[in-house]
>>> print(open('final04.cif').read())   # mmCIF, C-alpha atoms, pLDDT in the B column; chains and numbers go by the auth columns
data_structure
loop_
_atom_site.group_PDB
_atom_site.id
_atom_site.type_symbol
_atom_site.label_atom_id
_atom_site.label_comp_id
_atom_site.label_asym_id
_atom_site.label_seq_id
_atom_site.Cartn_x
_atom_site.Cartn_y
_atom_site.Cartn_z
_atom_site.B_iso_or_equiv
_atom_site.auth_seq_id
_atom_site.auth_asym_id
ATOM 1 C CA MET A 1 21.328 -7.114 10.607 74.00 1197 I
ATOM 2 C CA THR A 2 18.740 -9.880 10.952 89.00 1198 I
ATOM 3 C CA PRO A 3 15.199 -8.505 11.362 92.00 1199 I
ATOM 4 C CA LEU A 4 13.565 -9.014 14.758 95.00 1200 I
ATOM 5 C CA ILE A 5 9.863 -9.342 14.058 98.00 1201 I
ATOM 6 C CA ILE A 6 7.132 -10.807 16.227 98.00 1202 I
ATOM 7 C CA LYS A 7 4.442 -12.722 14.352 98.00 1203 I
ATOM 8 C CA LYS A 8 1.754 -14.585 16.265 98.00 1204 I
ATOM 9 C CA SER A 9 -1.599 -16.061 15.250 98.00 1205 I
ATOM 10 C CA ILE A 10 -4.588 -17.339 17.146 98.00 1206 I
ATOM 11 C CA LEU A 11 -7.886 -18.892 16.042 98.00 1207 I
ATOM 12 C CA ILE A 12 -10.839 -17.245 17.772 98.00 1208 I
ATOM 13 C CA ASN A 13 -14.291 -18.805 17.974 98.00 1209 I
ATOM 14 C CA ALA A 14 -16.076 -15.569 17.038 97.00 1210 I
ATOM 15 C CA PRO A 15 -17.016 -13.807 13.790 96.00 1211 I
ATOM 16 C CA LEU A 16 -14.811 -11.153 12.164 96.00 1212 I
ATOM 17 C CA SER A 17 -17.141 -8.321 13.150 96.00 1213 I
ATOM 18 C CA LYS A 18 -16.934 -9.209 16.841 96.00 1214 I
ATOM 19 C CA VAL A 19 -13.150 -9.644 16.859 98.00 1215 I
ATOM 20 C CA TRP A 20 -12.743 -6.296 15.054 98.00 1216 I
ATOM 21 C CA LYS A 21 -14.810 -4.545 17.728 97.00 1217 I
ATOM 22 C CA VAL A 22 -12.821 -6.226 20.496 98.00 1218 I
ATOM 23 C CA LEU A 23 -9.627 -4.897 18.881 98.00 1219 I
ATOM 24 C CA THR A 24 -10.866 -1.348 18.270 98.00 1220 I
ATOM 25 C CA LYS A 25 -13.288 -0.387 21.052 97.00 1221 I
ATOM 26 C CA PRO A 26 -11.958 0.862 24.418 96.00 1222 I
ATOM 27 C CA GLU A 27 -14.618 -0.954 26.428 95.00 1223 I
ATOM 28 C CA PHE A 28 -13.011 -4.185 25.224 96.00 1224 I
ATOM 29 C CA THR A 29 -9.320 -3.222 24.974 96.00 1225 I
ATOM 30 C CA ARG A 30 -9.159 -2.427 28.681 94.00 1226 I
ATOM 31 C CA GLN A 31 -10.039 -6.087 29.333 94.00 1227 I
ATOM 32 C CA TYR A 32 -6.916 -7.431 27.623 94.00 1228 I
ATOM 33 C CA MET A 33 -4.439 -4.570 27.115 93.00 1229 I
ATOM 34 C CA PHE A 34 -3.287 -4.132 30.704 89.00 1230 I
ATOM 35 C CA GLY A 35 -6.271 -1.931 31.608 91.00 1231 I
ATOM 36 C CA CYS A 36 -5.710 0.525 28.744 94.00 1232 I
ATOM 37 C CA ASP A 37 -8.357 2.132 26.569 96.00 1233 I
ATOM 38 C CA VAL A 38 -7.505 2.585 22.912 97.00 1234 I
ATOM 39 C CA VAL A 39 -8.313 6.069 21.616 97.00 1235 I
ATOM 40 C CA SER A 40 -8.501 6.483 17.834 98.00 1236 I
ATOM 41 C CA ASP A 41 -10.980 7.107 15.048 98.00 1237 I
ATOM 42 C CA TRP A 42 -9.215 4.320 13.091 98.00 1238 I
ATOM 43 C CA MET A 43 -8.740 6.445 9.974 98.00 1239 I
ATOM 44 C CA GLN A 44 -5.480 6.362 8.017 98.00 1240 I
ATOM 45 C CA GLY A 45 -3.164 9.126 9.275 98.00 1241 I
ATOM 46 C CA SER A 46 -5.046 9.563 12.564 98.00 1242 I
ATOM 47 C CA SER A 47 -3.454 9.280 15.975 98.00 1243 I
ATOM 48 C CA ILE A 48 -3.781 6.256 18.238 98.00 1244 I
ATOM 49 C CA GLU A 49 -3.175 6.250 21.987 98.00 1245 I
ATOM 50 C CA TRP A 50 -3.371 3.566 24.630 97.00 1246 I
ATOM 51 C CA LYS A 51 -4.405 5.307 27.867 96.00 1247 I
ATOM 52 C CA GLY A 52 -4.667 4.006 31.392 92.00 1248 I
ATOM 53 C CA LEU A 53 -4.449 5.163 34.973 87.00 1249 I
ATOM 54 C CA GLN A 54 -1.202 5.507 36.878 84.00 1250 I
ATOM 55 C CA ASP A 55 -1.461 6.790 40.448 86.00 1251 I
ATOM 56 C CA ARG A 56 -5.026 7.911 39.613 87.00 1252 I
ATOM 57 C CA ASN A 57 -3.805 10.062 36.733 88.00 1253 I
ATOM 58 C CA GLU A 58 -4.583 9.366 33.086 91.00 1254 I
ATOM 59 C CA THR A 59 -1.372 8.297 31.355 93.00 1255 I
ATOM 60 C CA VAL A 60 -0.571 7.662 27.699 96.00 1256 I
ATOM 61 C CA TYR A 61 1.321 4.361 27.658 95.00 1257 I
ATOM 62 C CA ILE A 62 1.564 3.952 23.888 97.00 1258 I
ATOM 63 C CA LYS A 63 1.114 6.470 21.102 98.00 1259 I
ATOM 64 C CA GLY A 64 1.397 6.373 17.349 98.00 1260 I
ATOM 65 C CA TRP A 65 -0.362 6.810 14.023 98.00 1261 I
ATOM 66 C CA ILE A 66 -2.712 4.711 11.923 99.00 1262 I
ATOM 67 C CA ILE A 67 -0.736 3.616 8.849 99.00 1263 I
ATOM 68 C CA SER A 68 -3.437 1.663 7.008 99.00 1264 I
ATOM 69 C CA VAL A 69 -6.864 0.268 7.741 98.00 1265 I
ATOM 70 C CA ASP A 70 -9.368 -2.014 6.028 98.00 1266 I
ATOM 71 C CA PRO A 71 -12.195 -2.537 8.558 96.00 1267 I
ATOM 72 C CA GLU A 72 -12.691 -6.099 9.761 97.00 1268 I
ATOM 73 C CA LYS A 73 -9.647 -7.219 7.757 98.00 1269 I
ATOM 74 C CA HIS A 74 -6.500 -5.255 8.540 98.00 1270 I
ATOM 75 C CA VAL A 75 -5.062 -2.384 10.539 99.00 1271 I
ATOM 76 C CA SER A 76 -1.479 -1.245 10.883 99.00 1272 I
ATOM 77 C CA TYR A 77 -0.258 1.433 13.270 99.00 1273 I
ATOM 78 C CA SER A 78 3.001 2.783 14.629 98.00 1274 I
ATOM 79 C CA THR A 79 3.785 2.534 18.345 97.00 1275 I
ATOM 80 C CA PHE A 80 6.022 4.337 20.792 97.00 1276 I
ATOM 81 C CA ASP A 81 6.162 4.161 24.588 95.00 1277 I
ATOM 82 C CA PRO A 82 6.504 7.755 25.866 95.00 1278 I
ATOM 83 C CA GLN A 83 7.184 6.339 29.356 91.00 1279 I
ATOM 84 C CA GLY A 84 10.094 4.198 28.138 91.00 1280 I
ATOM 85 C CA GLY A 85 12.857 6.788 28.430 93.00 1281 I
ATOM 86 C CA LEU A 86 13.843 6.665 24.753 94.00 1282 I
ATOM 87 C CA PRO A 87 13.924 9.708 22.470 95.00 1283 I
ATOM 88 C CA ASP A 88 10.591 10.330 20.729 96.00 1284 I
ATOM 89 C CA ILE A 89 11.966 10.130 17.202 96.00 1285 I
ATOM 90 C CA PRO A 90 10.635 8.172 14.204 94.00 1286 I
ATOM 91 C CA GLU A 91 13.538 5.705 14.424 93.00 1287 I
ATOM 92 C CA ASN A 92 12.231 4.469 17.803 95.00 1288 I
ATOM 93 C CA TYR A 93 8.692 3.720 16.611 97.00 1289 I
ATOM 94 C CA LEU A 94 7.626 0.169 15.782 98.00 1290 I
ATOM 95 C CA ASN A 95 4.760 -0.973 13.577 98.00 1291 I
ATOM 96 C CA VAL A 96 1.969 -3.267 14.751 98.00 1292 I
ATOM 97 C CA THR A 97 -0.342 -4.993 12.281 99.00 1293 I
ATOM 98 C CA TYR A 98 -3.545 -6.924 12.933 99.00 1294 I
ATOM 99 C CA ASP A 99 -4.690 -9.159 10.076 99.00 1295 I
ATOM 100 C CA LEU A 100 -8.039 -10.913 10.362 99.00 1296 I
ATOM 101 C CA ALA A 101 -9.287 -13.761 8.172 98.00 1297 I
ATOM 102 C CA SER A 102 -12.599 -15.579 8.298 97.00 1298 I
ATOM 103 C CA LYS A 103 -12.309 -19.328 8.873 94.00 1299 I
ATOM 104 C CA LYS A 104 -15.931 -20.474 8.540 91.00 1300 I
ATOM 105 C CA ASP A 105 -17.560 -19.150 11.742 92.00 1301 I
ATOM 106 C CA LYS A 106 -14.193 -18.373 13.360 98.00 1302 I
ATOM 107 C CA THR A 107 -11.562 -15.670 12.936 98.00 1303 I
ATOM 108 C CA GLN A 108 -7.834 -16.119 12.440 99.00 1304 I
ATOM 109 C CA LEU A 109 -6.074 -13.145 14.063 99.00 1305 I
ATOM 110 C CA THR A 110 -2.431 -12.568 13.177 99.00 1306 I
ATOM 111 C CA ILE A 111 -0.403 -9.835 14.828 98.00 1307 I
ATOM 112 C CA THR A 112 2.949 -8.646 13.575 99.00 1308 I
ATOM 113 C CA GLN A 113 5.255 -6.189 15.346 98.00 1309 I
ATOM 114 C CA GLY A 114 8.707 -4.975 14.385 95.00 1310 I
ATOM 115 C CA ASP A 115 11.328 -4.485 13.184 96.00 1311 I
ATOM 116 C CA PHE A 116 13.014 -4.440 16.580 96.00 1312 I
ATOM 117 C CA SER A 117 16.500 -4.713 15.048 95.00 1313 I
ATOM 118 C CA ALA A 118 16.115 -1.166 13.705 92.00 1314 I
ATOM 119 C CA VAL A 119 15.259 0.594 17.008 94.00 1315 I
ATOM 120 C CA THR A 120 17.146 1.600 20.139 91.00 1316 I
ATOM 121 C CA GLU A 121 17.267 -1.249 22.699 93.00 1317 I
ATOM 122 C CA GLY A 122 15.670 -3.505 20.088 93.00 1318 I
ATOM 123 C CA PRO A 123 16.511 -6.931 21.572 94.00 1319 I
ATOM 124 C CA GLU A 124 15.226 -5.912 25.021 94.00 1320 I
ATOM 125 C CA ARG A 125 12.071 -4.389 23.572 94.00 1321 I
ATOM 126 C CA TYR A 126 11.563 -7.522 21.437 96.00 1322 I
ATOM 127 C CA SER A 127 11.725 -9.818 24.490 94.00 1323 I
ATOM 128 C CA GLU A 128 9.317 -7.650 26.490 93.00 1324 I
ATOM 129 C CA SER A 129 6.858 -7.365 23.607 95.00 1325 I
ATOM 130 C CA LEU A 130 6.995 -11.093 22.840 94.00 1326 I
ATOM 131 C CA LYS A 131 5.944 -11.915 26.416 93.00 1327 I
ATOM 132 C CA GLY A 132 3.258 -9.239 26.294 93.00 1328 I
ATOM 133 C CA TRP A 133 1.732 -10.512 23.049 95.00 1329 I
ATOM 134 C CA GLU A 134 1.572 -14.095 24.334 92.00 1330 I
ATOM 135 C CA LEU A 135 -0.602 -12.920 27.235 93.00 1331 I
ATOM 136 C CA THR A 136 -2.548 -10.393 25.195 96.00 1332 I
ATOM 137 C CA LEU A 137 -3.554 -12.774 22.394 97.00 1333 I
ATOM 138 C CA ALA A 138 -4.876 -15.300 24.893 97.00 1334 I
ATOM 139 C CA ASP A 139 -6.877 -12.540 26.594 97.00 1335 I
ATOM 140 C CA ILE A 140 -8.226 -11.211 23.262 98.00 1336 I
ATOM 141 C CA LYS A 141 -9.503 -14.732 22.550 98.00 1337 I
ATOM 142 C CA VAL A 142 -11.237 -14.920 25.947 97.00 1338 I
ATOM 143 C CA VAL A 143 -12.900 -11.511 25.526 97.00 1339 I
ATOM 144 C CA ALA A 144 -14.008 -12.170 21.924 97.00 1340 I
ATOM 145 C CA GLU A 145 -15.382 -15.628 22.724 97.00 1341 I
ATOM 146 C CA SER A 146 -17.236 -14.493 25.838 93.00 1342 I
ATOM 147 C CA GLU A 147 -21.005 -14.568 25.582 80.00 1343 I
ATOM 148 C CA GLU A 148 -20.974 -11.507 27.852 74.00 1344 I
ATOM 149 C CA THR A 149 -19.157 -9.487 25.176 65.00 1345 I
ATOM 150 C CA GLU A 150 -21.980 -7.676 23.395 66.00 1346 I
ATOM 151 C CA CYS A 151 -21.031 -6.303 20.000 57.00 1347 I
#
>>> encode(input="final04.cif", output="structure tokens")
Amino acid sequence: MTPLIIKKSILINAPLSKVWKVLTKPEFTRQYMFGCDVVSDWMQGSSIEWKGLQDRNETVYIKGWIISVDPEKHVSYSTFDPQGGLPDIPENYLNVTYDLASKKDKTQLTITQGDFSAVTEGPERYSESLKGWELTLADIKVVAESEETEC
């Protein structure tokens, strides 16, 4: 089966340290990740959750585990949507990777997510995630480049 992997890059007019904080601090993630706060200590093997409000109740929209981390350079984590109606089994988790590279005074952010061909409802989940990442990357850029974003 042909792998279904999302890979997108964007050049952000902000230093690595600022982009890293925008990716890992809940006060910033809620500005671009559909109102969700990321909750993690960003240590290998630790949990990660994306939490938001649904009908005024705190809801976990995405959960997973930190696979690997190299601060300000790379983080990889597994993801699963507990609201998606699929069985919560390892075969239904996907991996997301953020890779950051310094380009003079800018940061190249590359996200990778997949392999959708190996999970239940993979093609549908791929299409939904592809649309989501297009919006999210543009919003990450706006937040990271904002002079109002204090890091």
>>> resolve_selection(input="final04.cif", expression="the PyMOL selection byres ((chain I and resi 1338) around 12)", output="PyMOL selection string")
chain I and resi 1206-1210+1215+1218+1224-1225+1227-1228+1331-1337+1339-1345
>>> resolve_selection(input="final04.cif", expression="the PyMOL selection byres ((chain I and resi 1309-1322) around 8)", output="short mmCIF file (atom, residue, chain, number, x, y, z; two decimals) with C-alpha atoms, in the frame of the given file")
data_model
loop_
_atom_site.label_atom_id
_atom_site.label_comp_id
_atom_site.auth_asym_id
_atom_site.auth_seq_id
_atom_site.Cartn_x
_atom_site.Cartn_y
_atom_site.Cartn_z
CA MET I 1197 21.33 -7.11 10.61
CA THR I 1198 18.74 -9.88 10.95
CA PRO I 1199 15.20 -8.51 11.36
CA LEU I 1200 13.56 -9.01 14.76
CA ILE I 1201 9.86 -9.34 14.06
CA ILE I 1202 7.13 -10.81 16.23
CA LYS I 1203 4.44 -12.72 14.35
CA LEU I 1282 13.84 6.66 24.75
CA GLU I 1287 13.54 5.70 14.42
CA ASN I 1288 12.23 4.47 17.80
CA TYR I 1289 8.69 3.72 16.61
CA LEU I 1290 7.63 0.17 15.78
CA ASN I 1291 4.76 -0.97 13.58
CA VAL I 1292 1.97 -3.27 14.75
CA THR I 1293 -0.34 -4.99 12.28
CA ILE I 1307 -0.40 -9.84 14.83
CA THR I 1308 2.95 -8.65 13.58
CA SER I 1323 11.72 -9.82 24.49
CA GLU I 1324 9.32 -7.65 26.49
CA SER I 1325 6.86 -7.36 23.61
CA LEU I 1326 7.00 -11.09 22.84
#
>>> closest_residue(input="final04.cif", among="I:Gln1240, I:Asn1253, I:Gln1279, I:Ser1213", to="Asp1301 of chain I", atoms="all atoms listed in the file")
I:Ser1213
>>> residues_around(input="final04.cif", residues="Ala1297 of chain I", least_positions_apart="3", cutoff="10 Å", atoms="only C-alpha atoms", output="PyMOL selection string")
chain I and resi 1207+1211-1212+1268-1270+1300+1302-1306
>>> axis_aligned_box(input="final04.cif", around="segment 1265-1281 of chain I", padding_each_side="3 Å", output="AutoDock Vina command-line options")
--center_x 0.1 --center_y 0.3 --center_z 17.7 --size_x 31.5 --size_y 21.0 --size_z 29.3
>>> residues_near_point(input="final04.cif", point="(-0.8, 4.1, 8.7)", cutoff="10 Å", atoms="only C-alpha atoms", output="list in words")
Trp1238, Met1239, Gln1240, Gly1241, Ser1242, Ser1243, Gly1260, Trp1261, Ile1262, Ile1263, Ser1264, Val1265, Val1271, Ser1272, Tyr1273, Ser1274, Asn1291, Val1292 and Thr1293 of chain I
>>> atom_distance(input="final04.cif", atom1="atom CA of Arg1252 of chain I", atom2="atom CA of Val1234 of chain I")
17.7 Å
>>> atom_distance(input="final04.cif", atom1="atom CA of Tyr1257 of chain I", atom2="atom CA of Lys1217 of chain I")
20.9 Å
>>> resolve_selection(input="final04.cif", expression="the PyMOL selection byres ((chain I and resi 1222) around 8)", output="list in words")
Thr1220, Lys1221, Glu1223, Phe1224, Thr1225, Arg1226, Cys1232, Asp1233, Val1234 and Val1235 of chain I
>>> atom_distance(input="final04.cif", atom1="atom CA of Glu1330 of chain I", atom2="atom CA of Lys1204 of chain I")
8.1 Å
>>> residues_around(input="final04.cif", residues="Pro1278 of chain I", least_positions_apart="3", cutoff="10 Å", atoms="only C-alpha atoms", output="PDB file with C-alpha atoms, in the frame of the given file")
ATOM      1  CA  THR I1255      -1.372   8.297  31.355  1.00 93.00           C
ATOM      2  CA  VAL I1256      -0.571   7.662  27.699  1.00 96.00           C
ATOM      3  CA  TYR I1257       1.321   4.361  27.658  1.00 95.00           C
ATOM      4  CA  ILE I1258       1.564   3.952  23.888  1.00 97.00           C
ATOM      5  CA  LYS I1259       1.114   6.470  21.102  1.00 98.00           C
ATOM      6  CA  THR I1275       3.785   2.534  18.345  1.00 97.00           C
ATOM      7  CA  GLY I1281      12.857   6.788  28.430  1.00 93.00           C
ATOM      8  CA  LEU I1282      13.843   6.665  24.753  1.00 94.00           C
ATOM      9  CA  PRO I1283      13.924   9.708  22.470  1.00 95.00           C
ATOM     10  CA  ASP I1284      10.591  10.330  20.729  1.00 96.00           C
TER      11      ASP I1284
END
